[in-house]
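Take a look at the structure below.
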Amino acid sequence: MSQPIKSGRRTFLKSAAALSAIAAQAQLVAAGEKEPVRIAVVGTGARGCDLIRALTTIDGAEIVGLCDDYPPHLEQGVKFAGNNPRKFANYEELLDRVQPQAVIVATPLYLHSKMCLAALDAGCAVFCEKTMCHSVEEARQVAARVAEKKAVFQVGLQRRANAIYRQGLAMVQAGMLGQITTIKAQWHRHNSWRRPVPVPRGHEDYARLERRLNWRLYWDYSQGLMAELASHQLDIANWYLQTTPRRVLGAAGIDYWRDGREVYDNVFCIYEYEVAPQVAPTGINAAVTGDGKPYTARVTYSSIQSNQYEGASELIFGTRGTLFLTQKKGLFYREAGVDDPLWATDGRVAKDAALLTAGKTLKMTNDPWAHRGSPFEIDAEGDDTRDELVEFLNCVRTCDAQTICDATTGLRNAQTVLAANAAFKSGEAVLIDG
Amino acid sequence: MATLSSSGVHQTHLAMATEFDIWLPGDDLEHLDAVATRICEEIDRAERLLSRFDPASETYRINQQARERPLALSVELTGALRECRAAYRWTEGAFDVVTNPAGDRLGWDSIEFDDVARTVAIRAPSAMFDFGAYGKGYALDRAAEILAQYSVTNARLGGGGSSWLLRGSAARGSPWQVKIDSWDGAPFELFNGALSTSATFRGDVIDADTRTRWNPADARGHLQCTVSAQSAALAEIASTAGLVLGPAAVAGRMSAWQEQSGKRIKHALWLWGEPSQIHSLIFHARSQVP
C-alpha cells in the first residue's frame with residue numbers, strides 16, 4: 001500500500017505557489033506604471049457594475065466614461081465609479097468625445113459585435129464580456145478585425161484568471177489525471193432568471209422595459225443559458241482538452257418557467273472532441289497516458305432552473321484521477337486501483353518486493369462515496385473578475401495582444417456554445433467547424 | 001428558491017453564515033419573486049464586499065495585502081469604512097470593526113484610511129477588519145434599496161433572527177408585530193424601521209471583559225440589547241455598542257448618538273438576567289414607534 005498523499009500534496013502546493021507568484025507579479029506590473037489607463041465602460045447593468053467596482057480597486061485604472069441607454073443603470077454605474085466620469089447614452093458619441101485607451105463592453109449579447117468593432121476601429125483595446133458575439137459570423141468578423149488591427153482584445157471568461165482553474169490545468173498537463181475521457185459540467189439553479197421591472201404591469205413602458213431588462217430571455221438579444229452560463233464551463237473543456245468539439249447533440253425546452261420567455265430553461269447536451277494524444281511526461285508522471293493515438297472525449301453539459309442541488313461545477317474525469325472544479329474550491333481524487341506514479345509514492349517503487357507489516361483492518365462503511373477516497377484540496381485567494389481585468393490592463397500597458405482569452409479563443413467558445421442551440425432547435429447532431 | 005403563495009412570496013437565503021428570510025406580501029407574484037431573487041443577489045454582493053472569510057472578497061484582500069502598501073478601495077467599501085469609523089467615534093470606541101484574530105478591539109490608530117483618495121493601509125501587524133453583524137445590517141439596507149427601486153412597499157426582511165428590516169405593513173394593512181424573544185412583554189407594532197439585537201451569555205461576558213465596559217453584576221446568564229433604528233446598519237452599530245457600554249451609558253448617550261449618526265435611533269431595549277427572569281427594561285419598549 002502506498003503512502004501517496006503528503007508527497008503529492010507538497011507537489012501541488014509548490015505548483016500553486018508558483019502560480020500565485022505569477023499572479024502577484026502581474027499585479028505589480030500594473031501598479032508600477034505611472035500613467036493610468038483611460039477606460040470607458042459601455043453597459044452598466046449588473047455585470048457592468050461588477051466590472052466598474054473591480055476597476056476602482058486596481059491601481060492605474062481610470063474610468064473616464066460610462067455609457068448606457070437605460071438611465072437608472074447609467075446612474076448606478078456613476079455611483080460605483082466614484083470619480084464622476086462623463087456619461088453617455090450613445091457609445092459612438094462616447095468613443096468620439098472621450099477617446100479612451102480601452103473599452104469594456106458589458107451590454108446585452110446582441111450588441112457586442114457592433115460595439116467591439118466600433119471600439120477597435122477607434123483604436124481602443126477591448127474587453128468584451130462573454131459570450132463574444134450573438135452569432136458565429138459576428139464573432140468571425142470581430143476576430144478578423146482584431147487580427148487586422150493587432151489589437152489587444154480579451155473576452156470575459158474569467159475562469160482563465162482563476163488560480164484554481166490554472167492549477168487544474170497544470171495538473172492535467174503534468175499528466176496527473178492521465179487521459180481525460182469525459183467531462184461533466186452543469187450549472188443548476190432554482191430561480192426564474194427574471195429581472196423585476198420598475199413600473200407596474202399596466203404602465204405604457206412596461207412591455208418595452210420588460211424586454212430591455214429581461215433581454216436574456218429573448219432570442220433577438222440573447223442566446224440563453226448556453227451563452228450566459230455554459231460558455232464559462234465549456235471554455236474550461238476547450239482549454240483543458242486543448243481543442244474544440246467536432247460535434248454536439250442535445251435536447252432542450254421551456255419546461256418549468258412557462259412565463260412568456262423564448263429561451264430554454266432546461267438544456268442537456270453532449271459534445272464530442274477529437275483529442276490529440278498527450279505527449280507522455282518523462283518525469284514523475286511517466287507512463288500515465290493512453291496508447292498514443294487520437295481518441296474521442298465526451299463532454300456533457302446541463303443547465304436547469306428548477307433545482308439547485310448540483311450548483312455550478314465541472315468534473316474532469318481522467319484515467320488516473322478526477323478533478324472537481326468550482327471558482328472557490330478544487331478537489332482532486334486519485335482513481336483507485338491504478339498504478340501509483342512516482343509523485344504518489346514518495347519516490348519509492350517496490351513492485352519486485354513484498355513488505356510484511358502488522359497489517360490493518362479497514363473500517364467497513366455504507367458511505368456510497370467511500371470509493372472516492374480523500375481528496376487533495378486546491379484553494380486560492382482572489383476575485384477572478386478583478387484578476388482578469390488586471391491581466392487585461394497589463395496587456396493594454398505593454399501592447400501585448402496575447403491576452404489570457406483572446407479573440408480566437410472567444411470565437412471558438414462562441415462556436416461551441418452556439419452549436420448546441422442549433423442542435424436543440426434542429427433536433428439533430430450539429431457538426432462544428434473547427 | 002421562493003415559495004409563492006396567494007398572499008405573497010417567501011424566500012430564505014444562506015449568506016454571511018446566517019439565514020436571511022425574505023417575506024414580500026402582495027399579489028403580483030412574478031414581480032415579487034423577481035424582486036426576492038434580486039435581493040438575494042444583493043445580499044451575496046454585500047457578502048463579497050464585506051466578508052473577511054471569503055478569499056474573493058474585497059475585505060479579505062484588504063486584510064491580506066494592506067499591510068504591505070496602501071490599497072485602492074472601491075467606492076462602496078470606502079463608504080462602509082467611513083460609516084464604521086464615524087460610528088467608532090460617536091460610540092467612543094464601543095463599536096469597532098478593527099480587530100485582531102483574538103477578537104480584541106484595536107481602534108483606528110492602527111489604520112491609515114483616506115476616504116477622499118479611497119485608500120487604506122493597515123499599520124498594526126495583527127490588525128484586520130471584521131465587520132461582524134454590521135455586514136448583515138449593511139446587506140439589509142441594500143435590500144431596502146432594491147425594494148424602493150422596484151416599488152415594493154411591504155416587506156419583512158430578516159437576518160438570522162437577530163436583525164429585521166420592516167417596510168410598510170403586513171397582510172391587510174396592519175402593522176408588523178414585533179415580539180422580542182426572552183422578554184415576556186407584549187409585542188409592539190412597527191411599520192417602517194430596522195431592529196437589531198446584540199446578545200451574549202454568561203461565559204462570554206465573564207471571559208470578555210475587554211469587550212464590555214460595565215460590570216453586569218445582576219446578569220445571571222443573559223444579556224441583550226435591542227435597538228430599533230432608521231437603518232439596519234445603524235441598528236447593528238447601536239446594539240453592539242449598547243452591549244459593550246451597558247444600559248446606563250446608553251441612556252445618557254441616545255440623543256447624542258442620534259445627532260452624530262445623522263439618523264434616527266428609535267428605541268433601545270435592555271434585557272438582562274436569565275431569559276425567564278428578565279430584570280430590567282429601559283426606554284420605550286412598549287410604545288409604538290412614532
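Each chain in the C-alpha cells gets a letter, A, B, ..., in the order shown, and its residues are numbered from 1; ligands are numbered from 1 in order too.
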Write down, as an mmCIF file with N, CA, C and O atoms, in the first residue's frame, each residue of chain B that has any atom within 6 Å of an atom of chain A, counting only C-alpha atoms.
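File produced: result_11.cif:
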data_model
loop_
_atom_site.group_PDB
_atom_site.id
_atom_site.type_symbol
_atom_site.label_atom_id
_atom_site.label_comp_id
_atom_site.auth_asym_id
_atom_site.auth_seq_id
_atom_site.Cartn_x
_atom_site.Cartn_y
_atom_site.Cartn_z
ATOM 1 N N MET B 1 -34.699 29.373 -3.421
ATOM 2 C CA MET B 1 -35.934 29.307 -4.195
ATOM 3 C C MET B 1 -37.089 29.870 -3.388
ATOM 4 O O MET B 1 -37.242 29.576 -2.216
ATOM 5 N N HIS B 31 -43.600 39.480 -10.139
ATOM 6 C CA HIS B 31 -42.785 40.654 -9.819
ATOM 7 C C HIS B 31 -42.085 40.462 -8.471
ATOM 8 O O HIS B 31 -40.868 40.685 -8.353
ATOM 9 N N ALA B 34 -39.260 37.993 -8.638
ATOM 10 C CA ALA B 34 -38.065 38.567 -9.268
ATOM 11 C C ALA B 34 -37.352 39.522 -8.313
ATOM 12 O O ALA B 34 -36.119 39.567 -8.261
ATOM 13 N N VAL B 35 -38.119 40.267 -7.540
ATOM 14 C CA VAL B 35 -37.509 41.182 -6.564
ATOM 15 C C VAL B 35 -36.797 40.384 -5.474
ATOM 16 O O VAL B 35 -35.673 40.728 -5.057
ATOM 17 N N PRO B 55 -12.262 34.320 0.315
ATOM 18 C CA PRO B 55 -10.994 34.720 -0.303
ATOM 19 C C PRO B 55 -11.164 35.611 -1.531
ATOM 20 O O PRO B 55 -10.199 36.187 -2.006
ATOM 21 N N ALA B 56 -12.379 35.704 -2.055
ATOM 22 C CA ALA B 56 -12.615 36.567 -3.213
ATOM 23 C C ALA B 56 -13.145 37.944 -2.818
ATOM 24 O O ALA B 56 -13.365 38.782 -3.687
ATOM 25 N N ALA B 72 -5.993 50.592 -3.081
ATOM 26 C CA ALA B 72 -7.158 51.319 -3.597
ATOM 27 C C ALA B 72 -8.436 50.619 -3.146
ATOM 28 O O ALA B 72 -8.505 49.395 -3.140
ATOM 29 N N LEU B 73 -9.410 51.419 -2.761
ATOM 30 C CA LEU B 73 -10.683 50.882 -2.280
ATOM 31 C C LEU B 73 -11.786 51.189 -3.284
ATOM 32 O O LEU B 73 -11.779 52.229 -3.937
ATOM 33 N N SER B 74 -12.756 50.309 -3.342
ATOM 34 C CA SER B 74 -13.947 50.614 -4.125
ATOM 35 C C SER B 74 -14.726 51.729 -3.429
ATOM 36 O O SER B 74 -14.556 51.973 -2.221
ATOM 37 N N VAL B 75 -15.561 52.386 -4.193
ATOM 38 C CA VAL B 75 -16.402 53.441 -3.628
ATOM 39 C C VAL B 75 -17.256 52.876 -2.497
ATOM 40 O O VAL B 75 -17.435 53.501 -1.443
ATOM 41 N N TYR B 150 -37.945 48.973 -6.918
ATOM 42 C CA TYR B 150 -38.989 48.237 -7.643
ATOM 43 C C TYR B 150 -40.369 48.398 -7.001
ATOM 44 O O TYR B 150 -41.251 47.553 -7.182
#
Exercise. Mind checking DSSP for range 13-223 of chain B and telling me the strand (DSSP E) residues as a PyMOL selection string?
Worked result: chain B and resi 13-15+18-25+71-72+98-99+111-114+119-122+128-129+155-159+163-167+176-178+188-190+193-201+222-223
**Report entry** Selection: 9 Å around Ala121 in chain B, only C-alpha atoms, excl. self and same-chain fewer than 4 positions, as a list in words
**Finding:**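 Contacts, in chain order: Ile62, Gln65, Ala66, Arg67, Glu68, Arg69, Pro70, Leu71, Ser110, Ile111, Glu112, Phe113 and Asp114 of chain B.
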**Prompt:** Out of range 42-212 of chain B, which residues get alpha helix (DSSP H) from DSSP, as a PyMOL selection string?
**Reply:** chain B and resi 42-50+58-65+75-90+133-149+202-207
Legend entry - Which residue of B:Trp257, B:Trp164, B:Phe53, B:Trp176 approaches Phe20 in chain B most closely, using only C-alpha atoms: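 Using only C-alpha atoms, the shortest distance to Phe20 in chain B belongs to B:Trp164.
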**Message:** Show me, as a list in words, the residues that have an atom within 7 Å of range 126-140 of chain B when counting only C-alpha atoms, minus same-chain residues fewer than 5 positions from it.
**Reply:** Ile43, Ala46, Leu50, Arg52, Asn63, Val97, Val98, Thr99, Asn100, Gly159, Leu165, Ala232, Ala233, Glu236 and Ile237 of chain B
So that I can see what lies close to Met226 in chain A, please list as a PyMOL selection string the residues with an atom at most 9 Å from it, counting only C-alpha atoms and leaving out residues fewer than 4 positions away in the same chain.
chain A and resi 230-231+267+303+417-418+420-421
